[in-house]
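work.cif follows (mmCIF, C-alpha atoms):
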```
data_model
loop_
_atom_site.label_atom_id
_atom_site.label_comp_id
_atom_site.auth_asym_id
_atom_site.auth_seq_id
_atom_site.Cartn_x
_atom_site.Cartn_y
_atom_site.Cartn_z
CA MET R 1 31.01 32.19 55.43
CA LEU R 2 27.62 31.38 53.94
CA ARG R 3 27.36 27.83 55.21
CA LEU R 4 25.89 28.67 58.68
CA PRO R 5 23.07 30.91 57.40
CA ARG R 6 22.22 28.32 54.77
CA LEU R 7 22.24 25.55 57.40
CA LEU R 8 19.98 27.56 59.72
CA ALA R 9 17.61 28.32 56.86
CA ALA R 10 17.37 24.62 56.04
CA VAL R 11 16.68 23.74 59.69
CA PHE R 12 13.94 26.40 59.97
CA ALA R 13 12.38 25.14 56.74
CA VAL R 14 12.20 21.60 58.13
CA ILE R 15 10.68 22.87 61.41
CA LEU R 16 8.07 24.97 59.65
CA ALA R 17 7.17 22.15 57.30
CA SER R 18 6.81 19.63 60.12
CA SER R 19 4.80 22.02 62.29
CA GLY R 20 2.55 22.80 59.36
CA THR R 21 1.91 19.10 58.81
CA ALA R 22 1.08 18.60 62.51
CA TYR R 23 -1.27 21.59 62.53
CA ALA R 24 -3.16 20.37 59.47
CA GLN R 25 -3.49 16.76 60.60
CA ASP R 26 -7.09 15.95 61.53
CA HIS R 27 -8.07 14.22 64.77
CA PRO R 28 -11.83 14.92 65.06
CA THR R 29 -13.20 13.97 68.47
CA ALA R 30 -16.82 13.85 69.63
CA GLY R 31 -18.07 13.84 73.22
CA ILE R 32 -21.51 13.16 74.72
CA HIS R 33 -22.70 15.70 77.30
CA THR R 34 -26.16 14.21 77.83
CA PRO R 35 -27.50 11.67 78.62
CA ARG R 36 -25.09 10.87 81.40
CA ASP R 37 -23.75 7.34 81.51
CA GLY R 38 -25.96 5.22 83.74
CA SER R 39 -29.16 7.24 83.25
CA TYR R 40 -32.64 5.68 83.32
CA ALA R 41 -35.41 6.19 80.77
CA ALA R 42 -38.84 4.74 80.03
CA VAL R 43 -39.71 2.72 76.95
CA GLY R 44 -41.17 5.14 74.39
CA GLU R 45 -39.60 8.21 76.00
CA SER R 46 -38.02 10.50 73.42
CA LEU R 47 -34.46 11.35 74.45
CA LEU R 48 -32.18 14.21 73.44
CA VAL R 49 -28.52 13.33 72.92
CA ILE R 50 -26.37 16.47 73.07
CA GLY R 51 -22.64 16.86 72.74
CA GLY R 52 -19.64 18.64 71.29
CA ALA R 53 -16.98 17.95 68.69
CA VAL R 54 -13.48 19.37 68.26
CA ASN R 55 -10.57 19.02 65.88
CA GLY R 56 -7.91 20.86 67.82
CA GLU R 57 -6.75 24.18 66.40
CA ALA R 58 -7.44 22.96 62.88
CA ALA R 59 -11.23 23.05 63.45
CA GLY R 60 -13.20 22.02 60.37
CA ILE R 61 -15.85 19.72 61.87
CA THR R 62 -18.21 18.88 59.00
CA ALA R 63 -20.58 16.34 60.60
CA VAL R 64 -21.29 14.22 63.65
CA GLU R 65 -22.85 10.77 63.60
CA VAL R 66 -24.57 9.04 66.52
CA SER R 67 -25.08 5.35 67.13
CA VAL R 68 -27.60 3.98 69.63
CA ASP R 69 -26.47 0.38 69.21
CA GLY R 70 -22.86 0.66 70.32
CA GLY R 71 -21.46 1.59 66.92
CA THR R 72 -23.12 -0.99 64.65
CA THR R 73 -25.18 1.58 62.75
CA TRP R 74 -24.83 5.35 62.51
CA GLN R 75 -27.16 8.31 61.92
CA LEU R 76 -26.38 11.97 61.27
CA ALA R 77 -26.88 14.43 64.11
CA GLU R 78 -27.84 18.08 63.72
CA THR R 79 -24.50 19.88 63.87
CA VAL R 80 -23.84 23.59 64.43
CA LYS R 81 -20.10 24.29 64.32
CA GLU R 82 -18.73 22.33 67.30
CA ARG R 83 -22.11 21.55 68.92
CA TRP R 84 -24.52 18.79 67.97
CA ARG R 85 -27.78 17.12 69.02
CA PHE R 86 -29.71 14.02 68.11
CA GLN R 87 -33.14 12.71 69.14
CA PHE R 88 -34.32 9.13 69.35
CA THR R 89 -37.01 7.06 71.06
CA PRO R 90 -36.17 3.62 72.51
CA THR R 91 -38.96 1.16 71.74
CA THR R 92 -37.88 -1.85 73.80
CA ALA R 93 -36.54 -2.39 77.29
CA GLY R 94 -32.84 -2.98 77.81
CA ASP R 95 -29.56 -1.12 77.88
CA VAL R 96 -28.93 1.36 75.05
CA THR R 97 -25.29 2.19 74.36
CA ILE R 98 -24.81 5.59 72.70
CA VAL R 99 -21.58 6.61 70.98
CA ALA R 100 -20.75 9.48 68.63
CA ARG R 101 -18.05 10.20 66.07
CA ALA R 102 -17.01 13.42 64.36
CA HIS R 103 -16.04 14.04 60.74
CA THR R 104 -13.83 16.48 58.89
CA ARG R 105 -13.48 16.62 55.11
CA SER R 106 -10.75 14.00 55.19
CA THR R 107 -11.14 12.04 58.42
CA VAL R 108 -13.71 10.10 60.42
CA GLY R 109 -12.89 10.18 64.11
CA ASN R 110 -12.95 7.29 66.54
CA PRO R 111 -16.12 6.58 68.51
CA SER R 112 -16.56 8.57 71.70
CA LEU R 113 -16.72 7.18 75.19
CA PRO R 114 -20.10 5.45 75.49
CA ALA R 115 -23.12 6.59 77.46
CA THR R 116 -25.36 3.72 78.51
CA VAL R 117 -29.04 4.37 79.23
CA HIS R 118 -31.05 1.78 81.14
CA VAL R 119 -34.42 1.69 79.34
CA GLY R 120 -37.46 0.32 81.13
CA ALA R 121 -35.40 -0.71 84.17
CA THR R 122 -36.13 -0.15 87.83
CA PRO R 123 -33.84 2.70 88.91
CA GLY R 124 -30.77 1.45 90.77
CA PRO R 125 -27.47 3.24 91.41
CA LEU R 126 -27.67 6.88 90.34
CA PRO R 127 -25.47 8.24 87.55
CA ARG R 128 -22.18 9.58 88.87
CA ILE R 129 -21.74 13.33 89.08
CA HIS R 130 -18.23 14.75 89.20
CA ASP R 131 -18.69 17.82 91.41
CA ALA R 132 -20.61 18.64 94.55
CA THR R 133 -22.15 21.64 92.77
CA ASN R 134 -23.58 21.08 89.29
CA THR R 135 -25.00 23.47 86.73
CA LEU R 136 -27.42 22.32 84.08
CA SER R 137 -25.15 22.77 81.06
CA LEU R 138 -26.83 23.23 77.68
CA PRO R 139 -25.17 24.33 74.43
CA THR R 140 -26.77 27.15 72.48
CA PHE R 141 -28.74 26.32 69.34
CA ASP R 142 -30.57 29.01 67.38
CA GLN R 143 -30.52 31.49 70.27
CA ALA R 144 -32.29 34.71 69.33
CA LEU R 145 -33.38 37.93 70.99
CA ASP R 146 -37.16 37.98 71.35
CA PRO R 147 -38.46 41.49 70.56
CA ASP R 148 -41.18 41.27 73.24
CA TRP R 149 -41.45 44.46 75.32
CA GLU R 150 -44.13 43.24 77.78
CA PRO R 151 -43.37 42.30 81.41
CA VAL R 152 -43.02 38.52 81.51
CA GLU R 153 -41.93 35.74 83.85
CA LEU R 154 -39.71 33.17 82.11
CA GLY R 155 -38.77 29.82 83.56
CA LEU R 156 -37.63 26.22 83.37
CA LYS R 157 -39.49 23.20 84.76
CA PHE R 158 -37.33 20.23 85.84
CA GLN R 159 -36.77 17.41 88.32
CA VAL R 160 -33.72 16.10 90.16
CA ASP R 161 -32.74 12.46 90.62
CA ARG R 162 -31.35 12.80 94.17
CA PRO R 163 -31.89 14.95 97.28
CA GLY R 164 -29.97 18.20 97.44
CA THR R 165 -30.37 21.96 97.34
CA LEU R 166 -30.72 24.60 94.65
CA THR R 167 -28.03 27.17 95.34
CA GLY R 168 -28.82 29.53 92.46
CA VAL R 169 -29.30 29.95 88.73
CA THR R 170 -27.55 31.38 85.71
CA ILE R 171 -29.58 33.69 83.49
CA ASP R 172 -28.73 34.76 79.98
CA ARG R 173 -30.52 38.08 80.21
CA GLY R 174 -29.55 39.53 76.85
CA PRO R 175 -29.55 43.34 76.57
CA TYR R 176 -31.97 43.93 79.46
CA THR R 177 -30.19 46.01 82.12
CA GLY R 178 -32.91 46.54 84.74
CA PRO R 179 -33.55 44.65 88.00
CA ILE R 180 -34.86 41.10 87.89
CA GLU R 181 -36.62 38.89 90.41
CA THR R 182 -35.54 35.25 90.50
CA ARG R 183 -37.90 32.66 91.95
CA VAL R 184 -38.18 28.97 92.78
CA TRP R 185 -41.58 27.24 92.71
CA THR R 186 -42.97 23.80 93.33
CA GLY R 187 -44.66 22.13 90.38
CA SER R 188 -48.04 23.20 91.76
CA GLY R 189 -47.08 26.88 92.08
CA GLU R 190 -46.00 27.23 95.70
CA LEU R 191 -43.30 29.91 95.98
CA LEU R 192 -40.16 28.58 97.67
CA ALA R 193 -37.72 31.45 97.13
CA ASP R 194 -37.76 34.99 95.75
CA THR R 195 -34.58 36.98 95.20
CA LEU R 196 -34.30 40.51 93.82
CA SER R 197 -31.19 41.29 91.81
CA GLY R 198 -30.70 45.03 91.82
CA ALA R 199 -27.35 45.11 90.05
CA PRO R 200 -27.78 46.29 86.46
CA GLY R 201 -25.99 44.32 83.81
CA ILE R 202 -26.21 42.52 80.52
CA GLY R 203 -25.28 39.07 79.29
CA ARG R 204 -25.06 36.13 81.71
CA GLU R 205 -25.83 36.67 85.38
CA TRP R 206 -25.33 34.37 88.36
CA VAL R 207 -27.95 34.60 91.10
CA SER R 208 -27.57 32.87 94.49
CA PHE R 209 -30.36 31.66 96.75
CA GLU R 210 -29.83 32.47 100.44
CA PRO R 211 -30.57 30.11 102.04
CA PRO R 212 -30.36 27.33 99.42
CA VAL R 213 -33.66 25.65 98.53
CA PRO R 214 -34.03 21.93 99.44
CA VAL R 215 -35.25 19.72 96.56
CA GLN R 216 -36.29 16.06 96.40
CA PRO R 217 -36.36 13.53 93.55
CA GLY R 218 -39.64 12.80 91.79
CA GLN R 219 -41.00 16.34 92.27
CA ASP R 220 -41.42 19.08 89.68
CA TYR R 221 -39.69 22.41 90.31
CA VAL R 222 -39.62 25.66 88.36
CA VAL R 223 -36.91 28.32 88.41
CA SER R 224 -37.97 31.60 86.83
CA TYR R 225 -37.05 35.24 86.49
CA PHE R 226 -39.21 38.31 86.06
CA SER R 227 -38.06 41.48 84.35
CA ARG R 228 -40.17 44.50 85.16
CA TRP R 229 -39.92 46.31 81.84
CA SER R 230 -38.43 46.10 78.37
CA SER R 231 -37.94 42.34 78.54
CA ARG R 232 -36.39 41.53 75.13
CA TYR R 233 -35.22 38.15 76.41
CA GLN R 234 -33.05 35.41 74.95
CA ALA R 235 -34.93 32.36 73.65
CA SER R 236 -34.32 29.25 71.57
CA GLN R 237 -37.40 27.68 69.99
CA ASP R 238 -37.74 23.92 69.38
CA TYR R 239 -35.11 23.16 72.04
CA PHE R 240 -36.85 20.97 74.63
CA THR R 241 -38.27 18.49 72.13
CA GLY R 242 -37.12 15.41 74.08
CA THR R 243 -36.06 14.46 77.59
CA ILE R 244 -32.64 15.63 78.80
CA LEU R 245 -31.00 13.27 81.28
CA GLN R 246 -28.08 15.25 82.69
CA ALA R 247 -27.68 14.00 86.24
CA PRO R 248 -28.73 15.30 88.64
CA PHE R 249 -31.22 17.09 86.34
CA ILE R 250 -34.14 15.62 84.40
CA VAL R 251 -35.69 18.04 81.90
CA LYS R 252 -38.81 16.95 80.01
CA PRO R 253 -40.21 18.21 76.69
CA GLY R 254 -41.96 21.57 76.97
CA ALA R 255 -39.78 22.56 79.94
CA GLY R 256 -39.58 26.24 78.99
CA VAL R 257 -42.48 28.12 80.58
CA PHE R 258 -43.68 31.74 80.76
CA HIS R 259 -46.38 33.96 82.24
CA TYR R 260 -47.46 37.47 81.21
CA GLU R 261 -48.42 39.66 84.15
CA VAL R 262 -47.51 43.15 85.33
CA HIS R 263 -46.01 41.71 88.53
CA GLY R 264 -45.01 38.34 87.16
CA GLY R 265 -46.23 35.05 88.59
CA PHE R 266 -46.03 31.26 88.37
CA PRO R 267 -45.21 30.42 84.72
CA THR R 268 -47.14 27.55 83.11
CA ASP R 269 -47.60 28.58 79.46
CA THR R 270 -45.40 27.06 76.77
CA TRP R 271 -44.44 27.97 73.21
CA ARG R 272 -42.73 25.65 70.74
CA ASN R 273 -40.60 23.88 73.36
CA SER R 274 -38.62 27.09 73.90
CA ASN R 275 -35.58 27.47 76.12
CA TYR R 276 -35.49 30.81 77.97
CA TRP R 277 -31.94 30.28 79.29
CA ILE R 278 -32.44 30.21 83.02
CA LEU R 279 -30.48 27.20 84.31
CA PRO R 280 -30.39 25.85 87.90
CA LEU R 281 -27.39 25.12 90.13
CA PHE R 282 -27.63 22.02 92.31
CA HIS R 283 -25.56 21.07 95.36
CA GLU R 284 -25.54 17.52 96.69
#
```

Represent the supplied structure as structure tokens.
Amino acid sequence: MLRLPRLLAAVFAVILASSGTAYAQDHPTAGIHTPRDGSYAAVGESLLVIGGAVNGEAAGITAVEVSVDGGTTWQLAETVKERWRFQFTPTTAGDVTIVARAHTRSTVGNPSLPATVHVGATPGPLPRIHDATNTLSLPTFDQALDPDWEPVELGLKFQVDRPGTLTGVTIDRGPYTGPIETRVWTGSGELLADTLSGAPGIGREWVSFEPPVPVQPGQDYVVSYFSRWSSRYQASQDYFTGTILQAPFIVKPGAGVFHYEVHGGFPTDTWRNSNYWILPLFHE
């Protein structure tokens, strides 16, 4: 009468042991978010390589290494949990093949899919983008709430690599719950769009431009938002220290801009390459 319970107990023990082994097995994987494969850069242009790393449900990423010579040599990236970044400056013309690999305490993962950057080359076919609508996607590093209480316009300066339209922005507005004005400017300060968001809220907000704003490659644009009182905005210092090539977006060092004024205005001031977490949406 005891054989069946004992048999079931043995079966469950084997299942639990095998599932425990599968759960604990490490398969660290790194991915490159930017630069996009097929991007173009100038000789001597400092580039930011940004990506993520995962190890399934086991987690435990301890380091990420980056290679800019196709995996021949490796250098440590700055890693924060499952996000990482690395900066380098190509010194000669030619194709640069970037790969990354993630580590756990016991395992070194396989190299990621490569991202090739054409350095010093005449731009040819544009990097492929996967969706008609694209958001500039940037992982958070050292994001903090700035205790500033003055009215301020905060923005991001960028270019695009192909014609299209700006359909809106996302804004990480932190604890500020009042109305905000969202604007699009040319690089010289001409106002192209101005949208008032009257809905109170906190956290991340999506703002649409009606109608969408046409944009052209080779031109500077600024998206910005103005909070009328009690700003206390989200910011990450030392973020835009190199060029970000995330097609269709090109973001240069010092891209985060601001302007102090009671009614806001075209932001041109910079502080420690800060990111103020307003990110554009592009439609091709």

Mind running range 208-268 of chain R against range 130-152 of chain R at 8 Å and telling me each contacting residue's nearest atom pair with the distance in Å (one decimal), counting only C-alpha atoms, chain and number ascending, as a tab-separated table?
```
residue	atom	partner	partner_atom	distance
R:Phe226	CA	R:Val152	CA	5.9
R:Ser227	CA	R:Pro151	CA	6.1
R:Arg228	CA	R:Pro151	CA	5.4
R:Trp229	CA	R:Pro151	CA	5.3
R:Ser230	CA	R:Trp149	CA	4.6
R:Ser231	CA	R:Trp149	CA	5.2
R:Arg232	CA	R:Pro147	CA	5.0
R:Tyr233	CA	R:Asp146	CA	5.4
R:Gln234	CA	R:Leu145	CA	4.7
R:Ala235	CA	R:Ala144	CA	5.6
R:Ser236	CA	R:Gln143	CA	4.6
R:Gln237	CA	R:Asp142	CA	7.4
R:Tyr239	CA	R:Phe141	CA	7.6
R:Gln246	CA	R:Leu136	CA	7.2
R:Pro248	CA	R:Asn134	CA	7.8
R:Phe249	CA	R:Leu136	CA	6.8
R:Phe258	CA	R:Val152	CA	6.9
R:His259	CA	R:Val152	CA	5.7
R:Tyr260	CA	R:Val152	CA	4.6
R:Glu261	CA	R:Val152	CA	6.1
R:Val262	CA	R:Pro151	CA	5.8
R:His263	CA	R:Pro151	CA	7.6
R:Gly264	CA	R:Val152	CA	6.0
```

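Here CA of Thr62 in chain R and CA of Val49 in chain R stand 18.2 Å from one another.
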
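Near range 190-193 of chain R, within 9 Å and counting only C-alpha atoms, sit Thr182, Arg183, Val184, Trp185, Thr186, Gly187, Ser188, Thr195, Phe209, Glu210, Pro211, Pro212, Val213 and Phe266 of chain R; same-chain residues fewer than 2 positions away were not included.
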
Q: Using all atoms listed in the file, give me every residue within 7 Å of (-26.7, 4.9, 69.5) in file coordinates, as a VMD selection string.
A: chain R and resid 66 to 71 96 to 99

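Nearest residue to Val223 in chain R, choosing from R:Thr268, R:Gly164, R:Leu156, R:Ser197 and counting only C-alpha atoms: R:Leu156.
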
Q | Ground truth for the PyMOL selection byres ((chain R and resi 101-114) around 7), written as a list in words | A |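 Selection result, ordered by chain and number: Asp26, His27, Pro28, Thr29, Ala30, Gly31, Ala53, Gly60, Ile61, Thr62, Ala63, Val64, Glu65, Val66, Thr97, Ile98, Val99, Ala100, Ala115 and Thr116 of chain R.
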
Would you save the residues of that selection, restricted to C-alpha atoms, as a PDB file, in the coordinates of the input?
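Generated output (again-v5.pdb):
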```
ATOM      1  CA  ASP R  26      -7.090  15.950  61.530  1.00  0.00           C
ATOM      2  CA  HIS R  27      -8.070  14.220  64.770  1.00  0.00           C
ATOM      3  CA  PRO R  28     -11.830  14.920  65.060  1.00  0.00           C
ATOM      4  CA  THR R  29     -13.200  13.970  68.470  1.00  0.00           C
ATOM      5  CA  ALA R  30     -16.820  13.850  69.630  1.00  0.00           C
ATOM      6  CA  GLY R  31     -18.070  13.840  73.220  1.00  0.00           C
ATOM      7  CA  ALA R  53     -16.980  17.950  68.690  1.00  0.00           C
ATOM      8  CA  GLY R  60     -13.200  22.020  60.370  1.00  0.00           C
ATOM      9  CA  ILE R  61     -15.850  19.720  61.870  1.00  0.00           C
ATOM     10  CA  THR R  62     -18.210  18.880  59.000  1.00  0.00           C
ATOM     11  CA  ALA R  63     -20.580  16.340  60.600  1.00  0.00           C
ATOM     12  CA  VAL R  64     -21.290  14.220  63.650  1.00  0.00           C
ATOM     13  CA  GLU R  65     -22.850  10.770  63.600  1.00  0.00           C
ATOM     14  CA  VAL R  66     -24.570   9.040  66.520  1.00  0.00           C
ATOM     15  CA  THR R  97     -25.290   2.190  74.360  1.00  0.00           C
ATOM     16  CA  ILE R  98     -24.810   5.590  72.700  1.00  0.00           C
ATOM     17  CA  VAL R  99     -21.580   6.610  70.980  1.00  0.00           C
ATOM     18  CA  ALA R 100     -20.750   9.480  68.630  1.00  0.00           C
ATOM     19  CA  ALA R 115     -23.120   6.590  77.460  1.00  0.00           C
ATOM     20  CA  THR R 116     -25.360   3.720  78.510  1.00  0.00           C
TER      21      THR R 116
END
```

Q: Please write as a VMD selection string the full residue list that the PyMOL selection byres ((chain R and resi 91) around 12) yields on this file.
A: chain R and resid 41 to 47 68 88 to 90 92 to 96 119 to 120

Please write the residues from the selection above to a file, keeping C-alpha atoms, as a short mmCIF file (atom, residue, chain, number, x, y, z; two decimals), in the coordinates of the input.
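Output below, filename out.cif:
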```cif
data_model
loop_
_atom_site.label_atom_id
_atom_site.label_comp_id
_atom_site.auth_asym_id
_atom_site.auth_seq_id
_atom_site.Cartn_x
_atom_site.Cartn_y
_atom_site.Cartn_z
CA ALA R 41 -35.41 6.19 80.77
CA ALA R 42 -38.84 4.74 80.03
CA VAL R 43 -39.71 2.72 76.95
CA GLY R 44 -41.17 5.14 74.39
CA GLU R 45 -39.60 8.21 76.00
CA SER R 46 -38.02 10.50 73.42
CA LEU R 47 -34.46 11.35 74.45
CA VAL R 68 -27.60 3.98 69.63
CA PHE R 88 -34.32 9.13 69.35
CA THR R 89 -37.01 7.06 71.06
CA PRO R 90 -36.17 3.62 72.51
CA THR R 92 -37.88 -1.85 73.80
CA ALA R 93 -36.54 -2.39 77.29
CA GLY R 94 -32.84 -2.98 77.81
CA ASP R 95 -29.56 -1.12 77.88
CA VAL R 96 -28.93 1.36 75.05
CA VAL R 119 -34.42 1.69 79.34
CA GLY R 120 -37.46 0.32 81.13
#
```

Q: State, in Å with one decimal place, the distance from CA of Ser39 in chain R to CA of Pro163 in chain R.
A: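 CA of Pro163 in chain R lies at a distance of 16.2 Å from CA of Ser39 in chain R.
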
Q. What is the CA of Phe240 in chain R to CA of Arg83 in chain R distance in Å?
A.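 It comes out at 15.8 Å.
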
Q) Counting all atoms listed in the file, which of R:Ala255, R:Leu245, R:Ile250, R:Val169 gets nearest to Pro217 in chain R? A)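 Ranked by minimum distance to Pro217 in chain R, first place goes to R:Ile250.
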